[in-house]
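Trainee: The structure file entry29.pdb (PDB, C-alpha atoms and all ligand atoms) is provided below.
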```pdb
ATOM      1  CA  MET A   1       0.000   0.000   0.000  1.00  0.00           C
ATOM      2  CA  TYR A   2       1.013   3.636  -0.522  1.00  0.00           C
ATOM      3  CA  SER A   3       0.912   6.857   1.480  1.00  0.00           C
ATOM      4  CA  LEU A   4       0.209   9.947  -0.619  1.00  0.00           C
ATOM      5  CA  ILE A   5       2.137  13.104   0.250  1.00  0.00           C
ATOM      6  CA  LEU A   6      -0.092  15.819  -1.197  1.00  0.00           C
ATOM      7  CA  LEU A   7       1.777  19.134  -1.355  1.00  0.00           C
ATOM      8  CA  ASN A   8      -0.647  21.919  -0.620  1.00  0.00           C
ATOM      9  CA  GLY A   9       1.555  24.323   1.319  1.00  0.00           C
ATOM     10  CA  GLY A  10       2.387  26.966  -1.299  1.00  0.00           C
ATOM     11  CA  ILE A  11       0.898  30.424  -1.286  1.00  0.00           C
ATOM     12  CA  GLY A  12       0.757  30.666  -5.090  1.00  0.00           C
ATOM     13  CA  ALA A  13       2.290  34.152  -5.313  1.00  0.00           C
ATOM     14  CA  ARG A  14       2.518  33.894  -9.131  1.00  0.00           C
ATOM     15  CA  ILE A  15      -1.282  33.832  -9.393  1.00  0.00           C
ATOM     16  CA  GLY A  16      -1.638  36.982  -7.313  1.00  0.00           C
ATOM     17  CA  ALA A  17      -4.799  35.937  -5.412  1.00  0.00           C
ATOM     18  CA  ASN A  18      -5.609  36.893  -1.823  1.00  0.00           C
ATOM     19  CA  GLN A  19      -5.606  33.240  -0.743  1.00  0.00           C
ATOM     20  CA  PRO A  20      -3.468  30.186  -1.566  1.00  0.00           C
ATOM     21  CA  LYS A  21      -4.206  29.207  -5.175  1.00  0.00           C
ATOM     22  CA  GLN A  22      -5.098  25.624  -4.246  1.00  0.00           C
ATOM     23  CA  LEU A  23      -8.099  26.980  -2.303  1.00  0.00           C
ATOM     24  CA  LEU A  24      -9.374  29.017  -5.265  1.00  0.00           C
ATOM     25  CA  LYS A  25     -12.431  27.488  -6.901  1.00  0.00           C
ATOM     26  CA  LEU A  26     -12.483  26.020 -10.388  1.00  0.00           C
ATOM     27  CA  ARG A  27     -16.002  25.219 -11.602  1.00  0.00           C
ATOM     28  CA  GLY A  28     -17.180  25.797  -8.038  1.00  0.00           C
ATOM     29  CA  ILE A  29     -14.745  23.358  -6.400  1.00  0.00           C
ATOM     30  CA  PRO A  30     -11.467  24.235  -4.582  1.00  0.00           C
ATOM     31  CA  ILE A  31      -8.487  23.245  -6.758  1.00  0.00           C
ATOM     32  CA  LEU A  32      -7.123  21.008  -3.971  1.00  0.00           C
ATOM     33  CA  VAL A  33     -10.259  18.846  -4.069  1.00  0.00           C
ATOM     34  CA  TYR A  34      -9.688  17.594  -7.630  1.00  0.00           C
ATOM     35  CA  ALA A  35      -6.457  15.769  -6.698  1.00  0.00           C
ATOM     36  CA  LEU A  36      -7.984  14.565  -3.409  1.00  0.00           C
ATOM     37  CA  ILE A  37     -10.933  13.000  -5.238  1.00  0.00           C
ATOM     38  CA  LYS A  38      -8.684  11.252  -7.783  1.00  0.00           C
ATOM     39  CA  ALA A  39      -6.350   9.888  -5.094  1.00  0.00           C
ATOM     40  CA  ASP A  40      -9.313   8.775  -2.998  1.00  0.00           C
ATOM     41  CA  ARG A  41     -10.373   6.463  -5.834  1.00  0.00           C
ATOM     42  CA  VAL A  42      -6.985   4.696  -5.997  1.00  0.00           C
ATOM     43  CA  GLU A  43      -7.334   1.431  -4.118  1.00  0.00           C
ATOM     44  CA  LYS A  44      -3.637   1.185  -3.220  1.00  0.00           C
ATOM     45  CA  ILE A  45      -3.493   4.609  -1.554  1.00  0.00           C
ATOM     46  CA  ASP A  46      -4.658   4.057   2.020  1.00  0.00           C
ATOM     47  CA  GLN A  47      -3.383   7.274   3.624  1.00  0.00           C
ATOM     48  CA  ILE A  48      -3.097  10.905   2.552  1.00  0.00           C
ATOM     49  CA  VAL A  49      -0.614  13.241   4.255  1.00  0.00           C
ATOM     50  CA  LEU A  50      -1.680  16.767   3.340  1.00  0.00           C
ATOM     51  CA  ASN A  51       0.086  19.972   4.295  1.00  0.00           C
ATOM     52  CA  TYR A  52      -1.328  23.456   4.615  1.00  0.00           C
ATOM     53  CA  PRO A  53       0.227  26.940   4.430  1.00  0.00           C
ATOM     54  CA  PRO A  54       0.860  28.429   7.901  1.00  0.00           C
ATOM     55  CA  GLY A  55      -2.338  30.202   8.994  1.00  0.00           C
ATOM     56  CA  TRP A  56      -4.598  28.217   6.652  1.00  0.00           C
ATOM     57  CA  LYS A  57      -5.226  25.052   8.701  1.00  0.00           C
ATOM     58  CA  GLU A  58      -8.889  25.825   9.437  1.00  0.00           C
ATOM     59  CA  ALA A  59      -9.625  26.663   5.816  1.00  0.00           C
ATOM     60  CA  VAL A  60      -8.153  23.318   4.706  1.00  0.00           C
ATOM     61  CA  GLU A  61     -10.069  21.491   7.451  1.00  0.00           C
ATOM     62  CA  GLU A  62     -13.285  23.122   6.190  1.00  0.00           C
ATOM     63  CA  VAL A  63     -12.566  21.890   2.658  1.00  0.00           C
ATOM     64  CA  LEU A  64     -12.015  18.361   3.989  1.00  0.00           C
ATOM     65  CA  GLU A  65     -15.315  18.524   5.881  1.00  0.00           C
ATOM     66  CA  ASP A  66     -17.200  19.699   2.792  1.00  0.00           C
ATOM     67  CA  TYR A  67     -16.024  16.872   0.524  1.00  0.00           C
ATOM     68  CA  ALA A  68     -16.434  13.244   1.534  1.00  0.00           C
ATOM     69  CA  ILE A  69     -12.898  11.883   1.154  1.00  0.00           C
ATOM     70  CA  SER A  70     -12.889   8.343   2.576  1.00  0.00           C
ATOM     71  CA  THR A  71      -9.085   7.852   2.752  1.00  0.00           C
ATOM     72  CA  PRO A  72      -7.709   8.952   6.170  1.00  0.00           C
ATOM     73  CA  VAL A  73      -6.004  12.368   5.947  1.00  0.00           C
ATOM     74  CA  ALA A  74      -3.177  13.539   8.271  1.00  0.00           C
ATOM     75  CA  LEU A  75      -2.585  17.324   8.289  1.00  0.00           C
ATOM     76  CA  VAL A  76       0.933  18.785   8.652  1.00  0.00           C
ATOM     77  CA  GLU A  77       1.978  22.465   8.597  1.00  0.00           C
ATOM     78  CA  ALA A  78       4.088  23.380   5.551  1.00  0.00           C
ATOM     79  CA  GLY A  79       7.748  24.272   5.965  1.00  0.00           C
ATOM     80  CA  ASP A  80       9.455  27.242   4.341  1.00  0.00           C
ATOM     81  CA  SER A  81      10.545  25.213   1.292  1.00  0.00           C
ATOM     82  CA  ARG A  82       9.428  22.194  -0.715  1.00  0.00           C
ATOM     83  CA  HIS A  83      12.333  20.215   0.808  1.00  0.00           C
ATOM     84  CA  SER A  84      11.426  20.991   4.387  1.00  0.00           C
ATOM     85  CA  SER A  85       7.741  20.256   3.708  1.00  0.00           C
ATOM     86  CA  VAL A  86       8.422  16.811   2.218  1.00  0.00           C
ATOM     87  CA  ALA A  87      10.934  16.027   4.984  1.00  0.00           C
ATOM     88  CA  ALA A  88       8.352  16.999   7.639  1.00  0.00           C
ATOM     89  CA  MET A  89       5.593  14.920   6.007  1.00  0.00           C
ATOM     90  CA  LEU A  90       7.649  11.741   5.535  1.00  0.00           C
ATOM     91  CA  PRO A  91       7.601  10.659   9.220  1.00  0.00           C
ATOM     92  CA  HIS A  92       3.767  10.773   9.084  1.00  0.00           C
ATOM     93  CA  CYS A  93       3.694   8.208   6.257  1.00  0.00           C
ATOM     94  CA  THR A  94       2.681   4.782   7.553  1.00  0.00           C
ATOM     95  CA  ASN A  95       3.742   2.814   4.424  1.00  0.00           C
ATOM     96  CA  ASP A  96       7.167   1.867   3.024  1.00  0.00           C
ATOM     97  CA  HIS A  97       6.202   3.330  -0.348  1.00  0.00           C
ATOM     98  CA  VAL A  98       5.056   6.900  -0.909  1.00  0.00           C
ATOM     99  CA  ILE A  99       3.584   8.864  -3.787  1.00  0.00           C
ATOM    100  CA  ILE A 100       4.134  12.615  -3.998  1.00  0.00           C
ATOM    101  CA  HIS A 101       1.608  14.811  -5.767  1.00  0.00           C
ATOM    102  CA  GLU A 102       0.866  18.533  -5.643  1.00  0.00           C
ATOM    103  CA  ALA A 103      -2.546  20.148  -5.269  1.00  0.00           C
ATOM    104  CA  ALA A 104      -1.652  22.568  -8.081  1.00  0.00           C
ATOM    105  CA  ARG A 105      -2.082  19.726 -10.619  1.00  0.00           C
ATOM    106  CA  PRO A 106      -5.869  19.267 -10.481  1.00  0.00           C
ATOM    107  CA  LEU A 107      -5.998  17.543 -13.877  1.00  0.00           C
ATOM    108  CA  VAL A 108      -4.175  14.441 -12.627  1.00  0.00           C
ATOM    109  CA  SER A 109      -6.063  11.243 -13.472  1.00  0.00           C
ATOM    110  CA  GLN A 110      -6.686   8.073 -11.517  1.00  0.00           C
ATOM    111  CA  GLU A 111      -4.734   6.324 -14.313  1.00  0.00           C
ATOM    112  CA  ASN A 112      -1.709   8.592 -13.688  1.00  0.00           C
ATOM    113  CA  PHE A 113      -1.557   7.289 -10.109  1.00  0.00           C
ATOM    114  CA  GLU A 114      -2.210   3.690 -11.156  1.00  0.00           C
ATOM    115  CA  SER A 115       0.414   3.644 -13.916  1.00  0.00           C
ATOM    116  CA  LEU A 116       3.045   4.665 -11.339  1.00  0.00           C
ATOM    117  CA  ILE A 117       1.921   2.006  -8.885  1.00  0.00           C
ATOM    118  CA  GLU A 118       1.961  -0.689 -11.590  1.00  0.00           C
ATOM    119  CA  ASP A 119       5.544   0.133 -12.644  1.00  0.00           C
ATOM    120  CA  GLU A 120       8.067  -2.460 -11.466  1.00  0.00           C
ATOM    121  CA  HIS A 121      10.596   0.083 -10.143  1.00  0.00           C
ATOM    122  CA  ASP A 122      10.600   1.652  -6.674  1.00  0.00           C
ATOM    123  CA  ASN A 123      11.374   5.239  -7.707  1.00  0.00           C
ATOM    124  CA  VAL A 124       9.412   6.491 -10.697  1.00  0.00           C
ATOM    125  CA  SER A 125       8.201   9.861 -11.981  1.00  0.00           C
ATOM    126  CA  LEU A 126       5.735  10.823 -14.660  1.00  0.00           C
ATOM    127  CA  MET A 127       7.482  12.900 -17.320  1.00  0.00           C
ATOM    128  CA  THR A 128       6.606  14.206 -20.772  1.00  0.00           C
ATOM    129  CA  PRO A 129       8.792  14.889 -23.803  1.00  0.00           C
ATOM    130  CA  ILE A 130       9.636  18.538 -24.391  1.00  0.00           C
ATOM    131  CA  SER A 131       8.058  20.097 -27.473  1.00  0.00           C
ATOM    132  CA  PHE A 132      10.025  23.344 -27.219  1.00  0.00           C
ATOM    133  CA  THR A 133      13.713  24.238 -26.847  1.00  0.00           C
ATOM    134  CA  VAL A 134      15.349  24.888 -23.471  1.00  0.00           C
ATOM    135  CA  ALA A 135      18.514  27.016 -23.630  1.00  0.00           C
ATOM    136  CA  PRO A 136      21.063  27.490 -20.822  1.00  0.00           C
ATOM    137  CA  VAL A 137      21.626  31.210 -20.336  1.00  0.00           C
ATOM    138  CA  ASP A 138      23.329  33.699 -18.067  1.00  0.00           C
ATOM    139  CA  PRO A 139      20.321  35.468 -16.477  1.00  0.00           C
ATOM    140  CA  VAL A 140      22.416  38.551 -15.709  1.00  0.00           C
ATOM    141  CA  THR A 141      24.082  39.225 -19.080  1.00  0.00           C
ATOM    142  CA  HIS A 142      21.347  37.518 -21.163  1.00  0.00           C
ATOM    143  CA  ALA A 143      24.099  35.567 -22.992  1.00  0.00           C
ATOM    144  CA  VAL A 144      23.224  32.116 -24.349  1.00  0.00           C
ATOM    145  CA  THR A 145      25.818  29.832 -22.775  1.00  0.00           C
ATOM    146  CA  GLY A 146      25.369  26.522 -24.594  1.00  0.00           C
ATOM    147  CA  SER A 147      22.808  24.108 -25.957  1.00  0.00           C
ATOM    148  CA  LEU A 148      20.906  21.118 -24.621  1.00  0.00           C
ATOM    149  CA  GLU A 149      19.955  17.965 -26.516  1.00  0.00           C
ATOM    150  CA  ARG A 150      16.165  17.921 -26.454  1.00  0.00           C
ATOM    151  CA  ASP A 151      15.860  14.129 -26.742  1.00  0.00           C
ATOM    152  CA  ARG A 152      17.748  13.784 -23.454  1.00  0.00           C
ATOM    153  CA  LEU A 153      15.441  16.165 -21.561  1.00  0.00           C
ATOM    154  CA  ARG A 154      12.015  15.580 -20.036  1.00  0.00           C
ATOM    155  CA  ASN A 155       9.413  17.792 -18.420  1.00  0.00           C
ATOM    156  CA  VAL A 156       9.155  16.435 -14.853  1.00  0.00           C
ATOM    157  CA  GLN A 157       5.581  15.982 -13.664  1.00  0.00           C
ATOM    158  CA  LEU A 158       3.990  14.845 -10.484  1.00  0.00           C
ATOM    159  CA  PRO A 159       2.805  12.365  -9.220  1.00  0.00           C
ATOM    160  CA  GLN A 160       6.009  10.449  -8.473  1.00  0.00           C
ATOM    161  CA  LYS A 161       6.520   7.345  -6.334  1.00  0.00           C
ATOM    162  CA  PHE A 162       9.473   6.473  -4.092  1.00  0.00           C
ATOM    163  CA  ALA A 163      10.676   3.894  -1.607  1.00  0.00           C
ATOM    164  CA  LYS A 164      10.336   5.821   1.669  1.00  0.00           C
ATOM    165  CA  ALA A 165      13.851   4.756   2.754  1.00  0.00           C
ATOM    166  CA  ASP A 166      15.421   6.124  -0.483  1.00  0.00           C
ATOM    167  CA  LEU A 167      13.476   9.387  -0.249  1.00  0.00           C
ATOM    168  CA  SER A 168      14.387   9.918   3.431  1.00  0.00           C
ATOM    169  CA  ALA A 169      18.077   9.166   2.808  1.00  0.00           C
ATOM    170  CA  ALA A 170      18.132  11.470  -0.230  1.00  0.00           C
ATOM    171  CA  HIS A 171      16.555  14.339   1.727  1.00  0.00           C
ATOM    172  CA  GLU A 172      19.116  13.902   4.508  1.00  0.00           C
ATOM    173  CA  LYS A 173      21.940  13.932   1.937  1.00  0.00           C
ATOM    174  CA  ALA A 174      20.631  17.036   0.128  1.00  0.00           C
ATOM    175  CA  LYS A 175      20.408  18.812   3.494  1.00  0.00           C
ATOM    176  CA  GLN A 176      23.965  17.829   4.419  1.00  0.00           C
ATOM    177  CA  ASP A 177      25.301  18.813   0.980  1.00  0.00           C
ATOM    178  CA  GLY A 178      23.342  22.099   1.011  1.00  0.00           C
ATOM    179  CA  LYS A 179      21.799  21.222  -2.364  1.00  0.00           C
ATOM    180  CA  VAL A 180      18.398  22.524  -3.443  1.00  0.00           C
ATOM    181  CA  PHE A 181      16.114  20.720  -5.925  1.00  0.00           C
ATOM    182  CA  THR A 182      12.766  21.805  -7.340  1.00  0.00           C
ATOM    183  CA  GLU A 183      11.276  18.298  -7.044  1.00  0.00           C
ATOM    184  CA  ASP A 184      12.129  14.862  -5.675  1.00  0.00           C
ATOM    185  CA  ALA A 185      12.977  12.662  -8.701  1.00  0.00           C
ATOM    186  CA  THR A 186      16.192  14.590  -9.392  1.00  0.00           C
ATOM    187  CA  LEU A 187      16.888  14.836  -5.641  1.00  0.00           C
ATOM    188  CA  VAL A 188      16.662  11.042  -5.219  1.00  0.00           C
ATOM    189  CA  ALA A 189      18.661  10.348  -8.415  1.00  0.00           C
ATOM    190  CA  ASP A 190      21.363  12.814  -7.322  1.00  0.00           C
ATOM    191  CA  ALA A 191      21.732  10.830  -4.087  1.00  0.00           C
ATOM    192  CA  GLY A 192      22.574   7.735  -6.160  1.00  0.00           C
ATOM    193  CA  HIS A 193      19.250   5.845  -6.077  1.00  0.00           C
ATOM    194  CA  PRO A 194      17.924   4.682  -9.450  1.00  0.00           C
ATOM    195  CA  VAL A 195      14.926   6.705 -10.627  1.00  0.00           C
ATOM    196  CA  TYR A 196      12.976   5.985 -13.812  1.00  0.00           C
ATOM    197  CA  PHE A 197      10.338   7.817 -15.791  1.00  0.00           C
ATOM    198  CA  ILE A 198       7.118   6.764 -17.428  1.00  0.00           C
ATOM    199  CA  ASP A 199       4.955   8.798 -19.773  1.00  0.00           C
ATOM    200  CA  GLY A 200       2.846  11.476 -18.174  1.00  0.00           C
ATOM    201  CA  SER A 201       0.212  13.523 -19.927  1.00  0.00           C
ATOM    202  CA  ASP A 202       0.214  17.117 -21.209  1.00  0.00           C
ATOM    203  CA  VAL A 203      -3.170  17.629 -19.593  1.00  0.00           C
ATOM    204  CA  ASN A 204      -1.660  17.112 -16.126  1.00  0.00           C
ATOM    205  CA  PHE A 205      -0.018  20.562 -16.112  1.00  0.00           C
ATOM    206  CA  LYS A 206       0.743  22.635 -13.032  1.00  0.00           C
ATOM    207  CA  VAL A 207      -1.511  25.615 -12.418  1.00  0.00           C
ATOM    208  CA  THR A 208       0.972  28.441 -11.829  1.00  0.00           C
ATOM    209  CA  THR A 209      -0.261  31.540 -13.669  1.00  0.00           C
ATOM    210  CA  PRO A 210      -3.685  33.180 -14.162  1.00  0.00           C
ATOM    211  CA  THR A 211      -3.640  31.775 -17.734  1.00  0.00           C
ATOM    212  CA  ASP A 212      -3.078  28.234 -16.372  1.00  0.00           C
ATOM    213  CA  LEU A 213      -6.045  28.771 -14.075  1.00  0.00           C
ATOM    214  CA  ARG A 214      -8.294  29.661 -17.012  1.00  0.00           C
ATOM    215  CA  MET A 215      -7.039  26.696 -19.042  1.00  0.00           C
ATOM    216  CA  ALA A 216      -7.603  24.273 -16.157  1.00  0.00           C
ATOM    217  CA  GLY A 217     -11.155  25.577 -15.695  1.00  0.00           C
ATOM    218  CA  PHE A 218     -11.770  25.011 -19.388  1.00  0.00           C
ATOM    219  CA  LEU A 219     -10.319  21.474 -19.394  1.00  0.00           C
ATOM    220  CA  LEU A 220     -11.976  20.196 -16.220  1.00  0.00           C
ATOM    221  CA  ARG A 221     -14.945  18.273 -17.513  1.00  0.00           C
ATOM    222  CA  PRO A 222     -18.378  18.962 -15.968  1.00  0.00           C
ATOM    223  CA  GLU A 223     -18.472  15.220 -15.094  1.00  0.00           C
ATOM    224  CA  GLU A 224     -15.930  15.965 -12.353  1.00  0.00           C
ATOM    225  CA  GLU A 225     -18.335  18.421 -10.692  1.00  0.00           C
ATOM    226  CA  ASP A 226     -20.536  15.435  -9.822  1.00  0.00           C
ATOM    227  CA  ASP A 227     -17.757  13.693  -7.890  1.00  0.00           C
ATOM    228  CA  ASP A 228     -18.234  15.360  -4.482  1.00  0.00           C
TER     229      ASP A 228
HETATM  230  C1  LIG B   1       7.466  19.918  -8.957  1.00  0.00           C
HETATM  231  C2  LIG B   1       7.290  20.599 -10.277  1.00  0.00           C
HETATM  232  O1  LIG B   1       5.921  20.796 -10.557  1.00  0.00           O
HETATM  233  C3  LIG B   1       7.878  19.686 -11.336  1.00  0.00           C
HETATM  234  O2  LIG B   1       7.605  20.154 -12.606  1.00  0.00           O
HETATM  235  C4  LIG B   1       7.967  21.954 -10.285  1.00  0.00           C
HETATM  236  O3  LIG B   1       9.346  21.796 -10.145  1.00  0.00           O
HETATM  237  C5  LIG B   1       7.397  22.858  -9.180  1.00  0.00           C
HETATM  238  O4  LIG B   1       7.916  24.151  -9.279  1.00  0.00           O
HETATM  239  P1  LIG B   1       7.485  25.276  -8.222  1.00  0.00           P
HETATM  240  O5  LIG B   1       8.327  26.462  -8.588  1.00  0.00           O
HETATM  241  O6  LIG B   1       7.763  24.727  -6.861  1.00  0.00           O
HETATM  242  O7  LIG B   1       6.028  25.569  -8.400  1.00  0.00           O
END
```
Show this structure as structure tokens.
Ligand SMILES: C[C@](O)(CO)[C@H](O)COP(=O)(O)O

Mentor:
Amino acid sequence: MYSLILLNGGIGARIGANQPKQLLKLRGIPILVYALIKADRVEKIDQIVLNYPPGWKEAVEEVLEDYAISTPVALVEAGDSRHSSVAAMLPHCTNDHVIIHEAARPLVSQENFESLIEDEHDNVSLMTPISFTVAPVDPVTHAVTGSLERDRLRNVQLPQKFAKADLSAAHEKAKQDGKVFTEDATLVADAGHPVYFIDGSDVNFKVTTPTDLRMAGFLLRPEEEDDD
């Protein structure tokens, strides 16, 4: 069985709302609820560890009361970084295998979770091929400093699954080395544990900007409004 670490602790500054973006409503439902509902349907997830931005515990508790999520949910206050949040949530996980997802990806599907679980490897991330070009640059001088081979790059998505022992050891190592990562697949791989990717889906994008918010509202099918 799997514990789901559901990252919900950001304040979503890039959206410019007066509340964390994951509490904003899309088609009448808080963004956070879409991922909760999908995870709740996955038979092999028997625990959800959910964090909340400091000061927003009651608001998140109200959301949980309003939607009938049957999987037990443990609430943990978010740290001041993604690293510290994941590290603080890990000890609450009751299983040896964990899945990490983020509330800001409301278009995740039940199949996304299940394809990870079905994969034979312990440490696996959804990823998609890149359809554009990524260039290394010097952000100060605006000089282009090289080139990257597109076939050897992937857009890292969540959800991801990990052996809890590998994830804990990798977090400890990153802390000791003073290294910062923007997600956990590269953090675990950097610590020397094998990590693999399987195909994600373009639809499972992260809602970061006001434009993303509009696109997500457009793509969320009315069928999903009936799920609560
Ligand atoms: C985890 C992530 O969504 C992978 O694509 C991304 O790195 C998150 O970035 P953020 O700046 O923490 O929103």

Trainee: Just say which residues the PyMOL selection byres (((chain A and resi 46-63) around 6) and not hetatm) picks in this file, as a list in words.

Mentor: Ser3, Leu4, Ile5, Leu6, Leu7, Asn8, Gly9, Ile45, Leu64, Glu65, Asp66, Thr71, Pro72, Val73, Ala74, Leu75, Val76, Glu77 and Ala78 of chain A

Trainee: Taking only C-alpha atoms and all ligand atoms into account, which of A:Asp119, A:Asp151, A:Asp199, A:Glu102 comes nearest ligand LIG 1 (chain B)?

Mentor: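 The shortest atom-to-atom distance to ligand LIG 1 (chain B) comes from A:Glu102.
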
Trainee: Which residue gives the smallest distance to ligand LIG 1 (chain B) among A:Phe132, A:Phe113, A:Tyr2, A:Phe205, with only C-alpha atoms and all ligand atoms counted?

Mentor: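 Going through A:Phe132, A:Phe113, A:Tyr2, A:Phe205 one by one, the smallest distance to ligand LIG 1 (chain B) is for A:Phe205.
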
Trainee: What do you get, as a ChimeraX atom specification, if you spell out every residue that the PyMOL selection byres (((chain A and resi 203) around 10) and not hetatm) selects here?

Mentor: /A:105-109,200-202,204-206,215-216,219-220

Trainee: If you keep C-alpha atoms, can you produce a file of those selected residues as a compact mmCIF listing (two decimals), keeping the file's coordinate frame?

Mentor:
```
# COMPACT_ATOMS: atom_id res chain seq x y z
CA ARG A 105 -2.08 19.73 -10.62
CA PRO A 106 -5.87 19.27 -10.48
CA LEU A 107 -6.00 17.54 -13.88
CA VAL A 108 -4.18 14.44 -12.63
CA SER A 109 -6.06 11.24 -13.47
CA GLY A 200 2.85 11.48 -18.17
CA SER A 201 0.21 13.52 -19.93
CA ASP A 202 0.21 17.12 -21.21
CA ASN A 204 -1.66 17.11 -16.13
CA PHE A 205 -0.02 20.56 -16.11
CA LYS A 206 0.74 22.64 -13.03
CA MET A 215 -7.04 26.70 -19.04
CA ALA A 216 -7.60 24.27 -16.16
CA LEU A 219 -10.32 21.47 -19.39
CA LEU A 220 -11.98 20.20 -16.22
```

Trainee: Can you turn the PyMOL selection byres (((not hetatm)) within 9 of (chain B and resi 1)) into a concrete residue list for this file, as a PyMOL selection string?

Mentor: chain A and resi 10+12+81-82+101-102+104-105+127+155-159+181-184+205-208

Trainee: Provide the CA of Arg14 (chain A) to CA of Thr209 (chain A) distance in Å, to one decimal place.

Mentor: 5.8 Å

Trainee: Mind listing whatever residues come within 12 Å of the point (18.8, 26.6, -19.1)? Use all atoms listed in the file, file coordinates, and give them as number ranges by chain.

Mentor: A: 133-139, 142-150, 153

Trainee: Separation of CA of Val188 (chain A) and CA of Lys161 (chain A), in Å?

Mentor: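 Calculated distance between CA of Val188 (chain A) and CA of Lys161 (chain A) is 10.9 Å.
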
Trainee: Between A:Met89, A:Val195, A:Ala39, A:Ile99, which residue has the minimum interatomic distance to Asn123 (chain A), considering all atoms listed in the file?

Mentor: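 With all atoms listed in the file as the atom set, the closest residue is A:Val195.
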
Trainee: Which distance in Å separates CA of Gln176 (chain A) and CA of Ala13 (chain A), to one decimal?

Mentor: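 CA of Gln176 (chain A) sits 28.8 Å away from CA of Ala13 (chain A).
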
Trainee: Measuring atom to atom with all atoms listed in the file, identify which of A:Ala103, A:Val140, A:Ala87, A:Leu213 is nearest to Lys173 (chain A).

Mentor: A:Ala87

Trainee: Given the choices A:Arg154, A:Lys21, A:Arg27, A:Lys164, which gets closest to Val86 (chain A) if the distance is worked out from only C-alpha atoms?

Mentor: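 Closest to Val86 (chain A), using only C-alpha atoms: A:Lys164.
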
Trainee: Near Tyr196 (chain A), counting all atoms listed in the file, which residues have an atom at most 9 Å away, once you skip same-chain residues fewer than 2 positions from it, shown as an MDAnalysis selection string?

Mentor: chainID A and resid 121:126 185 189 194 198

Trainee: With C-alpha atoms retained, export the selected residues as a short mmCIF file (atom, residue, chain, number, x, y, z; two decimals), in the frame of the given file.

Mentor:
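Below is the file that was written, selection08.cif:
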```cif
data_model
loop_
_atom_site.label_atom_id
_atom_site.label_comp_id
_atom_site.auth_asym_id
_atom_site.auth_seq_id
_atom_site.Cartn_x
_atom_site.Cartn_y
_atom_site.Cartn_z
CA HIS A 121 10.60 0.08 -10.14
CA ASP A 122 10.60 1.65 -6.67
CA ASN A 123 11.37 5.24 -7.71
CA VAL A 124 9.41 6.49 -10.70
CA SER A 125 8.20 9.86 -11.98
CA LEU A 126 5.74 10.82 -14.66
CA ALA A 185 12.98 12.66 -8.70
CA ALA A 189 18.66 10.35 -8.41
CA PRO A 194 17.92 4.68 -9.45
CA ILE A 198 7.12 6.76 -17.43
#
```

Trainee: Give, as JSON, the centre coordinates and the x, y and z edge lengths in Å to one decimal for an axis-aligned box around all listed atoms of region 119-134 of chain A, padded by 3 Å on each side.

Mentor:
```
{"center_x": 10.4, "center_y": 11.2, "center_z": -17.1, "size_x": 15.8, "size_y": 33.3, "size_z": 26.8}
```

Trainee: Hey, which of A:Gln22, A:Met1, A:Asp177, A:Ser168 ends up closest to Pro91 (chain A)? Count only C-alpha atoms.

Mentor: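 Smallest distance to Pro91 (chain A) is found for A:Ser168.
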
Trainee: Please tell me which residues are no farther than 9 Å from (-9.4, 5.4, -10.1) in the file, counting only C-alpha atoms, and write them as an MDAnalysis selection string.

Mentor: chainID A and resid 38:43 109:111 113:114
